[in-house]
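Shown here: data.cif, mmCIF, C-alpha atoms and all ligand atoms.
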data_upload
#
loop_
_atom_site.label_atom_id
_atom_site.label_comp_id
_atom_site.auth_asym_id
_atom_site.auth_seq_id
_atom_site.Cartn_x
_atom_site.Cartn_y
_atom_site.Cartn_z
CA MET A 1 -53.50 28.67 -30.43
CA PHE A 2 -51.73 25.89 -32.34
CA GLY A 3 -49.60 28.35 -34.42
CA LYS A 4 -45.82 27.92 -34.76
CA LYS A 5 -43.91 29.29 -31.79
CA LYS A 6 -41.67 32.24 -32.77
CA ASP A 7 -37.92 31.56 -32.31
CA ILE A 8 -36.36 33.96 -29.85
CA PRO A 9 -32.65 34.44 -30.71
CA GLN A 10 -30.48 33.34 -27.78
CA ILE A 11 -27.25 35.14 -26.84
CA ASP A 12 -24.80 33.20 -24.77
CA LYS A 13 -22.73 34.66 -21.91
CA ASP A 14 -19.52 35.06 -23.95
CA GLN A 15 -21.28 36.89 -26.76
CA LEU A 16 -22.95 39.22 -24.23
CA GLU A 17 -19.58 39.98 -22.69
CA LEU A 18 -18.09 40.78 -26.12
CA ILE A 19 -20.97 43.14 -26.91
CA GLU A 20 -20.61 44.90 -23.54
CA THR A 21 -16.86 45.33 -24.08
CA ALA A 22 -17.41 46.71 -27.60
CA GLN A 23 -20.00 49.20 -26.30
CA LYS A 24 -17.62 50.29 -23.55
CA ARG A 25 -14.83 50.86 -26.11
CA ILE A 26 -17.13 52.90 -28.33
CA LYS A 27 -18.10 55.10 -25.36
CA GLN A 28 -14.44 55.58 -24.40
CA LYS A 29 -13.49 56.61 -27.96
CA LYS A 30 -16.53 58.88 -28.23
CA ARG A 31 -15.54 60.63 -24.99
CA LEU A 32 -12.00 61.02 -26.32
CA TYR A 33 -13.29 62.53 -29.54
CA ILE A 34 -15.52 65.00 -27.60
CA HIS A 35 -12.53 65.84 -25.42
CA PHE A 36 -10.49 66.55 -28.58
CA VAL A 37 -13.18 68.83 -30.03
CA VAL A 38 -13.66 70.66 -26.70
CA PHE A 39 -9.88 71.01 -26.44
CA LEU A 40 -9.66 72.56 -29.92
CA ILE A 41 -12.56 74.96 -29.26
CA GLY A 42 -11.18 75.71 -25.79
CA ALA A 43 -7.72 76.41 -27.16
CA VAL A 44 -9.13 78.82 -29.78
CA PHE A 45 -11.29 80.45 -27.09
CA LEU A 46 -8.28 80.93 -24.79
CA ILE A 47 -6.26 82.51 -27.64
CA VAL A 48 -9.14 84.79 -28.60
CA ALA A 49 -9.84 85.70 -24.93
CA ASN A 50 -6.27 86.76 -24.42
CA THR A 51 -5.29 88.27 -27.72
CA VAL A 52 -8.61 89.71 -29.05
CA LEU A 53 -10.61 90.35 -25.87
CA GLY A 54 -7.49 91.25 -23.89
CA ILE A 55 -8.32 89.06 -20.85
CA GLY A 56 -5.21 88.86 -18.64
CA LYS A 57 -3.19 90.67 -21.26
CA ASP A 58 -0.58 91.75 -18.69
CA PHE A 59 -0.30 88.36 -17.02
CA LYS A 60 2.77 86.63 -18.38
CA ILE A 61 5.02 83.87 -17.18
CA PHE A 62 8.65 84.06 -18.29
CA ASP A 63 7.47 86.69 -20.74
CA ILE A 64 5.09 84.17 -22.39
CA ASN A 65 1.31 84.70 -22.51
CA TRP A 66 -0.60 82.69 -19.93
CA PHE A 67 -2.88 81.00 -22.50
CA VAL A 68 0.14 79.15 -23.92
CA PHE A 69 0.64 77.48 -20.53
CA ALA A 70 -3.11 76.82 -20.18
CA ILE A 71 -3.23 75.19 -23.63
CA LEU A 72 -0.05 73.14 -22.86
CA ILE A 73 -1.54 71.84 -19.58
CA TRP A 74 -4.79 70.99 -21.36
CA LEU A 75 -2.82 69.30 -24.15
CA PHE A 76 -0.99 67.25 -21.55
CA LEU A 77 -4.33 66.17 -20.02
CA PHE A 78 -5.64 65.25 -23.48
CA ILE A 79 -2.53 63.20 -24.27
CA TYR A 80 -2.97 61.42 -20.92
CA HIS A 81 -6.61 60.68 -21.89
CA LEU A 82 -5.48 59.42 -25.32
CA PHE A 83 -2.83 57.25 -23.71
CA ASN A 84 -5.43 55.73 -21.36
CA VAL A 85 -7.82 54.87 -24.18
CA PHE A 86 -5.30 53.31 -26.58
CA ILE A 87 -2.30 52.19 -24.54
CA THR A 88 -3.17 51.59 -20.86
CA HIS A 89 -6.40 49.90 -21.89
CA LYS A 90 -4.43 47.28 -23.81
CA PHE A 91 -2.19 46.55 -20.82
CA MET A 92 -4.72 46.74 -18.03
CA GLY A 93 -7.97 45.79 -19.76
CA LYS A 94 -10.06 42.70 -19.11
CA ALA A 95 -8.31 40.76 -21.89
CA TRP A 96 -4.96 41.60 -20.29
CA GLU A 97 -6.25 40.42 -16.89
CA GLN A 98 -7.51 37.17 -18.46
CA LYS A 99 -4.17 36.60 -20.16
CA GLN A 100 -2.28 37.14 -16.90
CA LEU A 101 -4.64 34.73 -15.14
CA GLU A 102 -4.14 32.09 -17.83
CA LYS A 103 -0.37 32.52 -17.57
CA LEU A 104 -0.53 32.10 -13.80
CA VAL A 105 -2.76 29.02 -14.03
CA ALA A 106 -0.44 27.47 -16.65
CA LYS A 107 2.54 28.13 -14.36
CA GLN A 108 0.78 26.55 -11.38
CA GLN A 109 -0.25 23.54 -13.47
CA LYS A 110 3.35 23.07 -14.58
CA ARG A 111 4.47 23.15 -10.95
CA ILE A 112 1.77 20.66 -9.89
CA GLY A 113 2.79 18.40 -12.80
CA LYS A 114 6.42 18.54 -11.66
CA LEU A 115 5.45 17.77 -8.06
CA LYS A 116 3.25 14.87 -9.24
CA ALA A 117 6.06 13.42 -11.36
CA GLY A 118 8.45 13.67 -8.39
CA PHE A 119 5.91 12.03 -6.13
CA ILE A 120 5.31 9.13 -8.56
CA LYS A 121 9.07 8.65 -8.91
CA GLU A 122 9.48 8.53 -5.13
CA GLU A 123 6.56 6.07 -4.78
CA THR A 124 8.05 3.81 -7.46
CA LEU A 125 11.44 3.83 -5.77
CA LEU A 126 9.81 3.04 -2.43
CA ALA A 127 7.77 0.17 -3.91
CA GLN A 128 10.87 -1.16 -5.69
CA SER A 129 12.90 -1.03 -2.49
CA GLU A 130 10.10 -2.82 -0.61
CA VAL A 131 9.97 -5.58 -3.25
CA PHE A 132 13.78 -5.76 -3.11
CA THR A 133 13.74 -6.05 0.69
CA GLU A 134 11.00 -8.67 0.56
CA THR A 135 12.85 -10.79 -1.99
CA LYS A 136 16.27 -10.39 -0.39
CA THR A 137 15.27 -10.75 3.26
CA PRO A 138 14.09 -14.23 4.13
CA SER A 139 10.55 -14.42 5.49
CA LYS A 140 10.39 -14.05 9.27
CA LYS A 141 7.40 -16.42 9.49
CA PRO A 142 8.41 -19.70 11.15
CA GLU A 143 8.19 -22.83 8.99
CA LEU A 144 5.86 -25.00 11.05
CA THR A 145 6.80 -28.60 10.25
CA ILE A 146 5.01 -31.85 11.01
CA ILE A 147 7.38 -34.78 11.55
CA VAL A 148 5.92 -38.29 11.56
CA ALA A 149 6.59 -41.93 10.76
CA ALA A 150 3.54 -43.63 9.26
CA ALA A 151 2.92 -47.06 7.79
CA GLU A 152 1.41 -47.65 4.35
CA ASN A 153 -2.03 -47.71 6.03
CA ASP A 154 -1.15 -44.49 7.96
CA ALA A 155 -0.79 -46.36 11.28
CA ILE A 156 1.43 -44.45 13.74
CA GLY A 157 0.95 -46.02 17.17
CA LYS A 158 -0.68 -48.60 19.35
CA GLY A 159 -1.16 -48.63 23.15
CA ASN A 160 0.60 -45.24 23.34
CA LYS A 161 3.74 -46.71 21.79
CA LEU A 162 5.46 -46.68 18.39
CA ILE A 163 4.86 -49.89 16.42
CA TRP A 164 8.42 -50.33 15.01
CA HIS A 165 12.00 -49.61 15.88
CA LEU A 166 13.98 -48.10 13.00
CA SER A 167 17.28 -46.63 14.27
CA ASP A 168 18.06 -44.60 11.13
CA ASP A 169 14.61 -43.00 11.33
CA LEU A 170 15.25 -42.04 14.98
CA LYS A 171 18.61 -40.51 13.91
CA HIS A 172 16.79 -38.63 11.12
CA PHE A 173 14.25 -37.31 13.69
CA LYS A 174 17.06 -36.32 16.09
CA HIS A 175 19.03 -34.57 13.34
CA LEU A 176 16.06 -32.54 12.05
CA THR A 177 14.59 -31.51 15.40
CA ASN A 178 17.90 -30.83 17.19
CA GLY A 179 17.89 -27.37 18.84
CA HIS A 180 14.24 -26.68 17.94
CA HIS A 181 10.87 -26.53 19.70
CA ILE A 182 8.98 -29.82 19.59
CA ILE A 183 5.22 -29.49 20.01
CA MET A 184 3.29 -32.58 21.18
CA GLY A 185 0.11 -33.85 22.78
CA ARG A 186 0.15 -34.87 26.42
CA LYS A 187 -0.08 -38.58 25.51
CA THR A 188 2.94 -38.51 23.21
CA PHE A 189 4.90 -36.67 25.90
CA GLU A 190 4.01 -39.43 28.36
CA SER A 191 5.20 -42.08 25.91
CA PHE A 192 8.83 -40.87 26.36
CA PRO A 193 10.84 -42.33 29.28
CA LYS A 194 12.28 -38.80 29.81
CA PRO A 195 12.38 -35.45 27.89
CA LEU A 196 14.63 -35.49 24.79
CA SER A 197 17.92 -33.61 25.07
CA ASN A 198 18.66 -30.30 23.34
CA ARG A 199 15.02 -29.59 22.33
CA THR A 200 12.38 -27.33 23.89
CA HIS A 201 9.30 -29.37 24.73
CA VAL A 202 5.89 -27.73 24.33
CA VAL A 203 3.16 -30.02 25.68
CA ILE A 204 -0.52 -29.50 24.92
CA THR A 205 -3.06 -30.53 27.55
CA ARG A 206 -6.55 -29.44 28.58
CA GLN A 207 -5.61 -30.12 32.21
CA THR A 208 -4.94 -26.99 34.27
CA ASN A 209 -2.99 -28.70 37.05
CA TYR A 210 -0.79 -30.95 34.90
CA LYS A 211 2.76 -31.31 36.29
CA ALA A 212 5.78 -31.58 34.03
CA PRO A 213 9.56 -31.39 34.62
CA ASP A 214 11.26 -27.97 34.65
CA GLY A 215 11.90 -26.55 31.20
CA VAL A 216 8.80 -28.19 29.68
CA ILE A 217 6.32 -25.55 28.44
CA LEU A 218 2.70 -26.45 29.16
CA VAL A 219 -0.07 -24.93 27.02
CA ASN A 220 -3.80 -25.49 26.64
CA SER A 221 -4.18 -25.33 22.86
CA LEU A 222 -2.31 -25.81 19.61
CA GLU A 223 -2.48 -22.05 18.93
CA ASP A 224 -0.75 -21.35 22.26
CA ALA A 225 1.87 -23.98 21.45
CA ILE A 226 2.65 -22.32 18.09
CA ASP A 227 2.76 -18.97 19.88
CA ALA A 228 5.20 -20.33 22.47
CA ALA A 229 7.50 -21.44 19.63
CA LYS A 230 7.27 -18.27 17.56
CA GLY A 231 10.94 -17.34 18.09
CA ASP A 232 11.98 -20.59 16.41
CA LYS A 233 12.62 -20.59 12.63
CA GLN A 234 11.35 -24.16 12.35
CA PRO A 235 9.21 -25.51 15.17
CA PHE A 236 8.21 -29.20 14.83
CA ILE A 237 4.86 -30.84 15.53
CA ILE A 238 5.85 -34.31 16.65
CA GLY A 239 2.46 -35.96 17.35
CA GLY A 240 0.45 -37.82 18.17
CA GLY A 241 -2.67 -38.58 16.25
CA GLU A 242 -4.93 -35.92 17.79
CA ILE A 243 -2.40 -33.13 17.40
CA TYR A 244 -1.44 -34.10 13.83
CA LYS A 245 -5.14 -33.92 12.87
CA GLN A 246 -5.40 -30.35 14.18
CA ALA A 247 -2.04 -29.24 12.79
CA MET A 248 -2.60 -30.34 9.16
CA SER A 249 -4.40 -27.11 8.28
CA VAL A 250 -1.75 -24.80 9.77
CA ALA A 251 1.53 -26.59 8.99
CA ASP A 252 3.82 -25.43 6.17
CA LYS A 253 5.76 -28.66 5.70
CA ILE A 254 5.57 -32.42 6.42
CA GLU A 255 8.63 -34.60 7.00
CA LEU A 256 7.16 -38.08 6.62
CA THR A 257 8.91 -41.39 7.07
CA ARG A 258 6.76 -43.80 5.09
CA VAL A 259 7.28 -47.32 6.50
CA HIS A 260 6.60 -49.74 3.66
CA GLU A 261 4.34 -52.09 5.59
CA SER A 262 0.79 -52.04 6.99
CA PHE A 263 0.03 -52.48 10.71
CA GLU A 264 -2.83 -52.91 13.09
CA ALA A 265 -2.97 -49.75 15.24
CA ASP A 266 -5.14 -47.47 17.38
CA THR A 267 -3.68 -44.18 16.16
CA TYR A 268 -3.42 -43.03 12.56
CA PHE A 269 -1.94 -40.14 10.58
CA PRO A 270 -4.45 -38.14 8.48
CA LYS A 271 -4.48 -38.75 4.68
CA ILE A 272 -2.18 -36.36 2.82
CA ASP A 273 -4.27 -34.39 0.33
CA THR A 274 -2.11 -34.07 -2.80
CA THR A 275 -4.18 -31.13 -4.01
CA VAL A 276 -2.85 -29.22 -0.99
CA TRP A 277 0.62 -30.78 -0.60
CA LYS A 278 3.33 -31.40 -3.15
CA GLU A 279 6.12 -33.93 -2.69
CA THR A 280 9.51 -32.19 -2.88
CA ALA A 281 11.89 -34.97 -1.72
CA ASN A 282 11.88 -38.78 -1.63
CA ILE A 283 14.81 -40.86 -0.33
CA PHE A 284 14.45 -44.61 -0.06
CA HIS A 285 16.05 -46.61 2.76
CA PRO A 286 15.99 -50.37 2.14
CA LYS A 287 15.27 -53.07 4.73
CA ASP A 288 18.56 -54.46 6.24
CA GLU A 289 19.87 -56.36 9.25
CA ASN A 290 19.23 -53.30 11.51
CA HIS A 291 15.94 -52.32 9.93
CA GLU A 292 13.08 -54.78 9.81
CA TYR A 293 11.19 -52.74 7.19
CA GLY A 294 12.12 -50.64 4.23
CA PHE A 295 11.09 -46.97 4.44
CA SER A 296 11.32 -43.66 2.57
CA PHE A 297 12.01 -40.13 3.78
CA LEU A 298 9.43 -37.93 2.05
CA THR A 299 9.10 -34.17 2.22
CA TYR A 300 5.83 -32.39 1.42
CA GLU A 301 5.42 -28.66 1.10
CA ARG A 302 2.18 -26.72 1.02
CA LYS A 303 1.33 -25.76 -2.57
N1 LIG A 401 4.67 -42.63 14.53
C1 LIG A 401 4.92 -41.41 14.95
O1 LIG A 401 5.62 -40.64 14.32
C2 LIG A 401 4.31 -40.96 16.23
C3 LIG A 401 4.63 -39.70 16.73
C4 LIG A 401 4.03 -39.30 17.92
C5 LIG A 401 3.15 -40.11 18.56
N2 LIG A 401 2.86 -41.31 18.05
C6 LIG A 401 1.92 -42.21 18.71
O2 LIG A 401 0.65 -41.57 18.79
C7 LIG A 401 -0.01 -42.04 19.92
C8 LIG A 401 -0.45 -40.84 20.75
O3 LIG A 401 -1.33 -40.01 20.02
P1 LIG A 401 -2.77 -39.60 20.58
O4 LIG A 401 -3.56 -39.12 19.47
O5 LIG A 401 -3.32 -40.77 21.35
O6 LIG A 401 -2.44 -38.51 21.66
P2 LIG A 401 -1.66 -37.12 21.53
O7 LIG A 401 -2.10 -36.45 20.33
O8 LIG A 401 -0.22 -37.34 21.74
O9 LIG A 401 -2.21 -36.37 22.81
C9 LIG A 401 -3.57 -36.19 23.03
C10 LIG A 401 -3.77 -35.27 24.20
O10 LIG A 401 -3.35 -33.97 23.88
C11 LIG A 401 -4.19 -33.04 24.53
N3 LIG A 401 -4.89 -32.29 23.52
C12 LIG A 401 -5.22 -32.67 22.26
N4 LIG A 401 -5.84 -31.67 21.60
C13 LIG A 401 -5.90 -30.64 22.45
C14 LIG A 401 -6.42 -29.34 22.39
N5 LIG A 401 -6.96 -28.89 21.26
N6 LIG A 401 -6.29 -28.53 23.44
C15 LIG A 401 -5.72 -28.94 24.57
N7 LIG A 401 -5.21 -30.18 24.72
C16 LIG A 401 -5.30 -31.02 23.66
C17 LIG A 401 -5.12 -33.79 25.40
O11 LIG A 401 -4.44 -33.93 26.63
P3 LIG A 401 -5.22 -34.03 28.01
O12 LIG A 401 -5.95 -35.34 27.94
O13 LIG A 401 -4.17 -33.98 29.03
O14 LIG A 401 -6.15 -32.85 28.06
C18 LIG A 401 -5.21 -35.12 24.68
O15 LIG A 401 -5.61 -36.19 25.49
C19 LIG A 401 0.95 -42.95 20.62
O16 LIG A 401 0.70 -44.28 20.26
C20 LIG A 401 2.27 -42.54 20.11
O17 LIG A 401 3.24 -43.56 20.19
C21 LIG A 401 3.43 -41.76 16.90
#

Please rewrite the model in this file as structure tokens.
Ligand SMILES: NC(=O)c1ccc[n+]([C@@H]2O[C@H](COP(=O)([O-])OP(=O)(O)OC[C@H]3O[C@@H](n4cnc5c(N)ncnc54)[C@H](OP(=O)(O)O)[C@@H]3O)[C@@H](O)[C@H]2O)c1
Amino acid sequence: MFGKKKDIPQIDKDQLELIETAQKRIKQKKRLYIHFVVFLIGAVFLIVANTVLGIGKDFKIFDINWFVFAILIWLFLFIYHLFNVFITHKFMGKAWEQKQLEKLVAKQQKRIGKLKAGFIKEETLLAQSEVFTETKTPSKKPELTIIVAAAENDAIGKGNKLIWHLSDDLKHFKHLTNGHHIIMGRKTFESFPKPLSNRTHVVITRQTNYKAPDGVILVNSLEDAIDAAKGDKQPFIIGGGEIYKQAMSVADKIELTRVHESFEADTYFPKIDTTVWKETANIFHPKDENHEYGFSFLTYERK
């Protein structure tokens, strides 16, 4: 009951196939050998039947005894048998089939490899051309820019008015925004005596029945204002306090005039987070007879 289990020898599939093939070959050769012996005996019998026993003694073809033809035909059949066993078998046997299959598979694999290589090459060229196009063609995305003048304490307005009058800063504003969309809150729009020339005004209001002069685009949100200016390469957000606050997270650039003084105000510009924005330009304008305060033109770009 607890005796050692007897090992049963295992034959795998390949070995079994080899054995079967060998057995088949032995049978084929055996049959050929029997055929050879029968042929020899048969040939002797045919000769004896004709010459000794006199069977068909008078039957001749081209003056040659019939048994010669019978033996020749039989010999031909035997040679055909011999050929099948030793020659045709080699060409058409299982091994031959396997070899042909392997050749075919190798050929197909080579073709697939070639196709793959061609495909990878094409993909690489395509990717390279895309990178090339991206680097050569300037980005189509508009550069949304905040433009503002803020004091040292970030004051920007009081009583819906600017706190200072700095003519060179107004020229700077005019020069930068000329020909562009200017996006503003309703209160800032109302702080102008009339719309500014050569600029497209986009005014944001929650009012649905707000009236504005012809040519002024009225929208109900900052998103709609940006959308209305999407054809412009550089639309400007020009204020005031409420709109600046909302635009800080979506703007790409800030053009800030920093007025080097602090003021009492009711409207302020949000603090510029230097972890988000990097200063890329800084031009100082001193105080003079036309400018009561010194100021600097600063440019910030999103990091
Ligand atoms: N120093 C500078 O560079 C500068 C530049 C511009 C302005 N400012 C000053 O800033 C002050 C004005 O700023 P402010 O903050 O009082 O007003 P504002 O931002 O100009 O406008 C506020 C108005 O915009 C509309 N609005 C705001 N957010 C909106 C939203 N999400 N959707 C729809 N409508 C929206 C509302 O209009 P409705 O009430 O009609 O709904 C709101 O009352 C003034 O003193 C001005 O002189 C200074």

Tell me, as a PyMOL selection string, which residues lie within 12 Å of Ala247 of chain A, counting all atoms listed in the file; anything in the same chain fewer than 2 positions away does not count. chain A and resi 144-147+183-185+221-223+225-226+236-245+249-254+269-270

9 Å shell around ligand LIG 401 (chain A) using all atoms listed in the file, listed as a PyMOL selection string: chain A and resi 147-151+154-164+184-192+203-208+210+219-223+237-246+256-257+265-269

Suppose you want the space between atom CA of Arg25 of chain A and atom CA of Val85 of chain A; what is it in Å?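 Interatomic distance, atom CA of Arg25 of chain A to atom CA of Val85 of chain A: 8.3 Å.
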
Expressed in Å to a single decimal, how great is the separation between atom CA of Pro195 of chain A and atom CA of Val216 of chain A? 8.3 Å

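For the pair atom CA of Ala281 of chain A and atom CA of Arg302 of chain A, the interatomic distance is 13.0 Å.
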
List as a ChimeraX atom specification: which residues have an atom within 9 Å of (5.1, -35.4, 0.9), counting only C-alpha atoms? /A:253-256,272,274,277-282,297-301

Counting all atoms listed in the file, what is within 12 Å of Leu46 of chain A, bar same-chain residues fewer than 2 positions away, as a PyMOL selection string? chain A and resi 38-44+48-57+65-72+74

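The shortest atom-to-atom distance to Ile283 of chain A, with all atoms listed in the file taken into account, belongs to A:His172 out of A:Lys211, A:His172, A:Lys271, A:His165.
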
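Using all atoms listed in the file for every distance, the candidate list A:Pro142, A:Pro213, A:Pro286, A:Gly179 yields A:Pro142 as the residue closest to Lys233 of chain A.
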
Restricting the calculation to only C-alpha atoms: of A:Asp169, A:Glu143, A:Glu102, A:Asp58, which residue gets closest to Phe295 of chain A?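 The answer is A:Asp169, which sits nearest to Phe295 of chain A.
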
Tell me which of A:Ile61, A:Leu18, A:Leu104, A:Leu32 sits closest to Phe83 of chain A, counting all atoms listed in the file.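 Closest residue, counting all atoms listed in the file: A:Leu32.
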
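The residue that comes closest to Thr21 of chain A, out of A:Lys174, A:Ile34, A:His89, A:Phe45 and on the basis of all atoms listed in the file, is A:His89.
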